[in-house]
file input_31.txt (compact mmCIF, C-alpha atoms)
# COMPACT_ATOMS: atom_id res chain seq x y z
CA MET C 1067 -40.43 1.79 30.95
CA LYS C 1068 -37.86 4.53 30.74
CA ARG C 1069 -35.75 4.38 27.64
CA GLN C 1070 -32.02 4.20 28.28
CA ILE C 1071 -29.63 6.11 26.07
CA HIS C 1072 -26.17 4.76 25.39
CA TYR C 1073 -23.73 7.61 24.87
CA THR C 1074 -20.17 6.85 23.75
CA GLY C 1075 -18.88 10.36 24.30
CA ALA C 1076 -17.20 12.66 21.82
CA MET C 1077 -14.89 11.24 19.18
CA ASP C 1078 -11.90 13.30 20.26
CA VAL C 1079 -9.42 10.76 21.65
CA ARG C 1080 -6.44 10.17 19.35
CA CYS C 1081 -4.62 6.88 18.97
CA GLN C 1082 -1.08 7.25 20.35
CA PHE C 1083 0.38 5.34 17.39
CA TYR C 1084 -1.38 6.60 14.25
CA GLY C 1085 -3.58 9.45 15.38
CA ALA C 1086 -6.93 7.81 14.59
CA LEU C 1087 -9.91 9.42 16.37
CA ILE C 1088 -11.70 7.20 18.89
CA PHE C 1089 -14.86 7.68 20.95
CA GLN C 1090 -14.17 8.43 24.60
CA ARG C 1091 -15.90 5.30 25.89
CA LYS C 1092 -14.75 3.03 23.06
CA GLN C 1093 -11.02 3.19 23.53
CA LEU C 1094 -10.34 -0.24 22.08
CA ASN C 1095 -6.99 -1.44 20.87
CA CYS C 1096 -7.71 -0.25 17.35
CA CYS C 1097 -4.30 -1.03 15.82
CA HIS C 1098 -2.95 -3.75 18.16
CA ASN C 1099 -0.42 -1.41 19.70
CA GLY C 1100 0.91 -0.10 16.42
CA LYS C 1101 1.18 -3.44 14.61
CA PHE C 1102 -1.46 -2.58 12.03
CA SER C 1103 -1.89 0.58 10.00
CA LEU C 1104 -3.71 1.71 6.89
CA LEU C 1105 -1.80 3.37 4.10
CA PRO C 1106 -2.97 6.85 3.09
CA LEU C 1107 -5.62 6.81 0.38
CA GLN C 1108 -4.15 7.37 -3.06
CA GLU C 1109 -5.44 9.97 -5.45
CA TYR C 1110 -7.75 8.86 -8.24
CA PRO C 1111 -5.93 8.10 -11.50
CA GLU C 1112 -6.31 11.15 -13.71
CA ASN C 1113 -8.40 9.37 -16.38
CA LEU C 1114 -10.79 8.04 -13.75
CA ARG C 1115 -11.10 11.41 -12.02
CA LEU C 1116 -11.97 13.10 -15.31
CA LEU C 1117 -14.79 10.60 -15.86
CA PHE C 1118 -16.26 11.38 -12.44
CA ASP C 1119 -16.04 15.12 -13.06
CA ALA C 1120 -17.04 15.18 -16.74
CA ASP C 1121 -20.30 16.87 -17.75
CA GLY C 1122 -20.44 15.63 -21.36
CA ALA C 1123 -21.68 12.44 -22.96
CA GLU C 1124 -18.86 10.28 -21.58
CA GLY C 1125 -19.34 11.49 -18.01
CA SER C 1126 -23.09 10.98 -18.19
CA ASN C 1127 -22.70 7.48 -19.66
CA PHE C 1128 -20.09 6.58 -17.04
CA GLY C 1129 -22.38 7.68 -14.20
CA GLN C 1130 -25.45 5.90 -15.57
CA ASN C 1131 -23.58 2.61 -16.19
CA ILE C 1132 -20.96 2.72 -13.47
CA ARG C 1133 -21.88 -0.71 -12.10
CA LYS C 1134 -21.53 -2.23 -15.56
CA TYR C 1135 -18.10 -0.67 -16.00
CA ASN C 1136 -17.08 -1.91 -12.55
CA SER C 1137 -18.20 -5.46 -13.35
CA ALA C 1138 -16.47 -5.39 -16.74
CA PHE C 1139 -13.09 -4.83 -15.06
CA ALA C 1140 -13.62 -7.25 -12.16
CA PHE C 1141 -10.98 -9.94 -11.64
CA ALA C 1142 -13.39 -12.50 -10.20
CA SER C 1143 -17.11 -13.16 -9.91
CA PHE C 1144 -18.97 -12.46 -6.68
CA GLY C 1145 -20.94 -15.22 -5.02
CA ALA C 1146 -23.13 -15.24 -1.93
CA ASN C 1147 -26.32 -16.71 -0.49
CA ILE C 1148 -28.67 -13.74 -0.83
CA ARG C 1149 -31.73 -13.90 1.43
CA LEU C 1150 -34.26 -11.19 0.62
CA PRO C 1151 -36.40 -10.18 3.61
CA PRO C 1152 -40.15 -10.75 3.41
CA GLY C 1153 -42.66 -7.96 3.10
CA ARG C 1154 -42.29 -4.46 1.76
CA GLY C 1155 -39.77 -1.75 2.47
CA PRO C 1156 -36.62 -0.10 1.16
CA TYR C 1157 -34.23 -2.28 -0.81
CA CYS C 1158 -31.41 -3.92 1.10
CA PHE C 1159 -28.75 -6.49 0.23
CA PRO C 1160 -28.78 -9.15 2.98
CA LEU C 1161 -26.24 -11.97 2.82
CA GLN C 1162 -26.25 -15.24 4.72
CA SER C 1163 -23.01 -16.90 5.80
CA GLN C 1164 -19.91 -16.05 3.74
CA THR C 1165 -19.24 -14.21 0.51
CA TYR C 1166 -17.00 -15.69 -2.17
CA HIS C 1167 -14.98 -14.49 -5.11
CA TYR C 1168 -14.57 -17.09 -7.83
CA ALA C 1169 -11.43 -16.82 -9.98
CA CYS C 1170 -11.74 -18.55 -13.36
CA ASN C 1171 -9.09 -20.41 -15.34
CA LEU C 1172 -6.48 -18.39 -17.19
CA HIS C 1173 -8.03 -19.39 -20.54
CA ALA C 1174 -11.70 -19.80 -21.38
CA ASP C 1175 -12.90 -22.96 -23.11
CA ASP C 1176 -14.75 -20.72 -25.56
CA PRO C 1177 -12.82 -17.57 -26.63
CA GLU C 1178 -16.16 -15.82 -27.08
CA GLU C 1179 -16.94 -16.33 -23.38
CA ARG C 1180 -13.87 -14.72 -21.83
CA ARG C 1181 -14.62 -13.09 -18.50
CA TYR C 1182 -12.93 -11.52 -15.48
CA GLY C 1183 -9.20 -12.29 -15.16
CA GLN C 1184 -9.13 -13.95 -18.57
CA LEU C 1185 -9.39 -10.52 -20.17
CA TYR C 1186 -6.21 -9.28 -18.51
CA ILE C 1187 -3.97 -11.60 -20.55
CA LEU C 1188 -5.25 -10.23 -23.87
CA GLU C 1189 -3.79 -7.41 -25.89
CA THR C 1190 -5.20 -4.04 -24.84
CA ASN C 1191 -7.42 -3.42 -27.87
CA GLU C 1192 -8.75 -6.98 -27.91
CA ALA C 1193 -9.61 -6.81 -24.20
CA ILE C 1194 -11.40 -3.47 -24.60
CA GLN C 1195 -13.37 -4.70 -27.60
CA THR C 1196 -14.33 -7.93 -25.80
CA ARG C 1197 -15.73 -5.94 -22.88
CA ALA C 1198 -17.58 -3.56 -25.19
CA ASN C 1199 -19.09 -6.43 -27.23
CA ALA C 1200 -20.61 -8.15 -24.18
CA HIS C 1201 -24.40 -7.94 -24.39
CA GLU C 1202 -24.69 -6.58 -20.85
CA ASN C 1203 -22.47 -3.63 -21.87
CA ALA C 1204 -24.49 -2.63 -24.92
CA ASN C 1205 -25.05 0.89 -23.56
CA CYS C 1206 -21.41 1.49 -22.61
CA PHE C 1207 -18.92 3.59 -24.60
CA VAL C 1208 -15.72 2.11 -26.02
CA SER C 1209 -13.95 5.40 -25.26
CA VAL C 1210 -14.86 5.05 -21.57
CA PHE C 1211 -13.50 1.49 -21.53
CA GLN C 1212 -10.25 2.84 -22.97
CA LYS C 1213 -9.90 5.47 -20.24
CA ILE C 1214 -10.61 2.97 -17.46
CA ASN C 1215 -8.14 0.52 -18.99
CA GLU C 1216 -5.44 3.20 -18.92
CA ALA C 1217 -6.21 3.82 -15.26
CA MET C 1218 -5.71 0.08 -14.59
CA ASN C 1219 -2.13 0.11 -15.90
CA ASN C 1220 -0.75 0.53 -12.37
CA ASN C 1221 -3.00 -2.08 -10.80
CA PRO C 1222 -0.86 -4.82 -9.16
CA TYR C 1223 -3.41 -7.56 -9.87
CA ALA C 1224 -3.53 -6.69 -13.57
CA ALA C 1225 0.28 -6.82 -13.58
CA ALA C 1226 0.16 -10.30 -11.99
CA TYR C 1227 -1.99 -11.59 -14.86
CA HIS C 1228 0.34 -9.96 -17.41
CA ASN C 1229 3.33 -11.69 -15.79
CA MET C 1230 1.45 -14.98 -15.72
CA ARG C 1231 0.82 -14.74 -19.45
CA ALA C 1232 4.46 -13.80 -20.09
CA ILE C 1233 5.68 -16.93 -18.25
CA GLU C 1234 3.22 -19.06 -20.22
CA GLN C 1235 4.45 -17.64 -23.52
CA GLN C 1236 8.05 -18.33 -22.53
CA GLU C 1237 7.17 -21.96 -21.85
CA GLN C 1238 5.40 -22.23 -25.20
CA GLU C 1239 8.44 -20.82 -26.99
CA LYS C 1240 10.69 -23.32 -25.20
CA GLN C 1241 8.41 -26.16 -26.25
CA GLU C 1242 8.60 -25.11 -29.89
CA ARG C 1243 12.39 -25.40 -29.74
CA VAL C 1244 12.33 -28.85 -28.20
CA VAL C 1245 12.31 -31.55 -30.84
CA ILE C 1246 10.86 -34.38 -28.75
CA GLU C 1247 7.78 -36.20 -29.94
CA ASN C 1248 4.73 -36.42 -27.71
CA MET C 1249 6.15 -34.10 -25.07
CA PRO C 1250 3.33 -31.80 -23.94
CA PRO C 1251 4.12 -28.28 -22.77
CA ARG C 1252 4.32 -27.83 -19.04
CA GLN C 1253 1.24 -26.29 -17.48
CA VAL C 1254 1.23 -22.98 -15.65
CA THR C 1255 -1.43 -22.67 -12.97
CA MET C 1256 -2.43 -19.98 -10.49
CA GLN C 1257 -3.10 -21.46 -7.05
CA PHE C 1258 -4.93 -19.65 -4.26
CA ILE C 1259 -4.48 -20.67 -0.63
CA SER C 1260 -7.87 -20.72 1.07
CA GLY C 1261 -8.62 -19.89 4.67
CA PRO C 1262 -7.94 -16.83 6.83
CA ASP C 1263 -4.46 -15.39 6.98
CA ARG C 1264 -3.16 -16.06 10.49
CA ARG C 1265 -0.73 -13.15 10.14
CA ARG C 1266 -3.34 -10.55 9.20
CA TYR C 1267 -2.82 -8.60 12.43
CA ASN C 1268 0.97 -8.57 12.11
CA ASN C 1269 2.90 -5.63 10.76
CA PRO C 1270 3.87 -6.41 7.12
CA THR C 1271 7.56 -7.10 6.55
CA GLY C 1272 7.63 -6.83 2.76
CA ASN C 1273 5.61 -6.32 -0.40
CA GLU C 1274 3.20 -8.99 -1.58
CA VAL C 1275 4.95 -11.69 -3.62
CA ALA C 1276 3.43 -13.94 -6.27
CA ALA C 1277 5.28 -17.16 -7.13
CA VAL C 1278 4.85 -19.04 -10.41
CA PHE C 1279 5.67 -22.76 -10.28
CA VAL C 1280 6.17 -24.70 -13.50
CA GLY C 1281 5.55 -28.43 -13.16
CA ASP C 1282 4.89 -31.33 -15.50
CA ASP C 1283 1.78 -32.50 -13.62
CA GLY C 1284 0.38 -29.12 -12.59
CA ALA C 1285 1.78 -29.34 -9.04
CA PRO C 1286 4.88 -27.60 -7.65
CA SER C 1287 7.96 -29.82 -7.60
CA MET C 1288 9.29 -31.00 -4.25
CA TYR C 1289 12.82 -30.13 -5.34
CA ARG C 1290 13.08 -26.71 -6.88
CA ASP C 1291 15.22 -23.63 -7.19
CA ILE C 1292 13.74 -20.18 -6.78
CA VAL C 1293 14.51 -17.88 -9.69
CA VAL C 1294 13.58 -14.19 -9.57
CA TYR C 1295 12.71 -12.52 -12.89
CA PRO C 1296 12.74 -8.75 -12.32
CA ILE C 1297 11.03 -6.94 -15.18
CA GLY C 1298 13.71 -5.43 -17.41
CA LEU C 1299 16.60 -6.88 -15.38
CA GLN C 1300 18.61 -10.11 -15.40
CA ARG C 1301 17.24 -13.07 -13.51
CA HIS C 1302 18.98 -14.37 -10.40
CA TRP C 1303 18.73 -17.50 -8.30
CA ILE C 1304 17.87 -17.77 -4.62
CA ALA C 1305 19.43 -20.83 -2.97

call {"tool": "encode", "arguments": {"input": "input_31.txt", "output": "structure tokens"}}
result
Amino acid sequence: MKRQIHYTGAMDVRCQFYGALIFQRKQLNCCHNGKFSLLPLQEYPENLRLLFDADGAEGSNFGQNIRKYNSAFAFASFGANIRLPPGRGPYCFPLQSQTYHYACNLHADDPEERRYGQLYILETNEAIQTRANAHENANCFVSVFQKINEAMNNNPYAAAYHNMRAIEQQEQEKQERVVIENMPPRQVTMQFISGPDRRRYNNPTGNEVAAVFVGDDGAPSMYRDIVVYPIGLQRHWIA
């Protein structure tokens, strides 16, 4: 039987909207007629770039334990149904069905067991020391944790946890000023909407927004005002 060869042609056709290169015989609607685009890749933060390029002890330790450092700064745990193939052969990472990312509560039941996003509400030195003291990070350098932490200062998800903690502290301070017996502080929760985003192919109309609802029973109130708290500026209400 003669073997058939499938040839897609040269990758020299440019998308009319964003200039992406496409194979000649695979001219699919790659960006839905200009509705979807990828932002240009940002440069590495300087501290992170220096770790990749370093030749000394820190660079060597970073390269040898890079997966440990990556896990130490993860916001959520990774979950999947891993099905290893039978027999012998090169290692692969086969997954069955879906993958999941599990986000933990804002506070750990045991302060000694803080993980993932729970570390982003701590003071900088305490968070670094907690990561360094974890038994799985015994071979990691504290100085490397410090450099990676500095590189995370501009991370929007880290900022979301910082803001979450700031709102919680404000509520705790309000509670201390209220002289009412048996009145528990209102709970602050982070809620994630599950399921696919039906607008994922639409062109974005604004930056991502995180809303913090404060309710007595842990659920958003049916009747509420929207108050915007810009960092460093006065708050204002949205009717």

call {"tool": "atom_distance", "arguments": {"input": "input_31.txt", "atom1": "atom CA of Ala1076 of chain C", "atom2": "atom CA of Phe1089 of chain C"}}
result
5.6 Å

call {"tool": "closest_residue", "arguments": {"input": "input_31.txt", "among": "C:Asn1136, C:Gln1238, C:Ser1163, C:Asn1127", "to": "Val1208 of chain C", "atoms": "all atoms listed in the file"}}
result
C:Asn1127

call {"tool": "atom_distance", "arguments": {"input": "input_31.txt", "atom1": "atom CA of Glu1109 of chain C", "atom2": "atom CA of Thr1190 of chain C"}}
result
23.9 Å

call {"tool": "atom_distance", "arguments": {"input": "input_31.txt", "atom1": "atom CA of Glu1189 of chain C", "atom2": "atom CA of Ser1137 of chain C"}}
result
19.2 Å

call {"tool": "residues_around", "arguments": {"input": "input_31.txt", "residues": "segment 1216-1223 of chain C", "least_positions_apart": "3", "cutoff": "7 Å", "atoms": "all atoms listed in the file", "output": "MDAnalysis selection string"}}
result
chainID C and resid 1111 1113:1114 1212:1213 1226:1227

call {"tool": "closest_residue", "arguments": {"input": "input_31.txt", "among": "C:Leu1087, C:Cys1097, C:Ile1132, C:Met1230", "to": "Asn1203 of chain C", "atoms": "only C-alpha atoms"}}
result
C:Ile1132

call {"tool": "residues_near_point", "arguments": {"input": "input_31.txt", "point": "(-5.2, -16.7, -16.4)", "cutoff": "12 Å", "atoms": "only C-alpha atoms", "output": "VMD selection string"}}
result
chain C and resid 1141 to 1142 1169 to 1175 1180 to 1188 1223 to 1234 1253 to 1257 1278

call {"tool": "residues_around", "arguments": {"input": "input_31.txt", "residues": "Gln1164 of chain C", "least_positions_apart": "3", "cutoff": "8 Å", "atoms": "all atoms listed in the file", "output": "list in words"}}
result
Ala1146, Asn1147 and Leu1161 of chain C

call {"tool": "closest_residue", "arguments": {"input": "input_31.txt", "among": "C:Arg1197, C:Phe1207, C:His1302, C:Lys1101", "to": "Ala1123 of chain C", "atoms": "all atoms listed in the file"}}
result
C:Phe1207
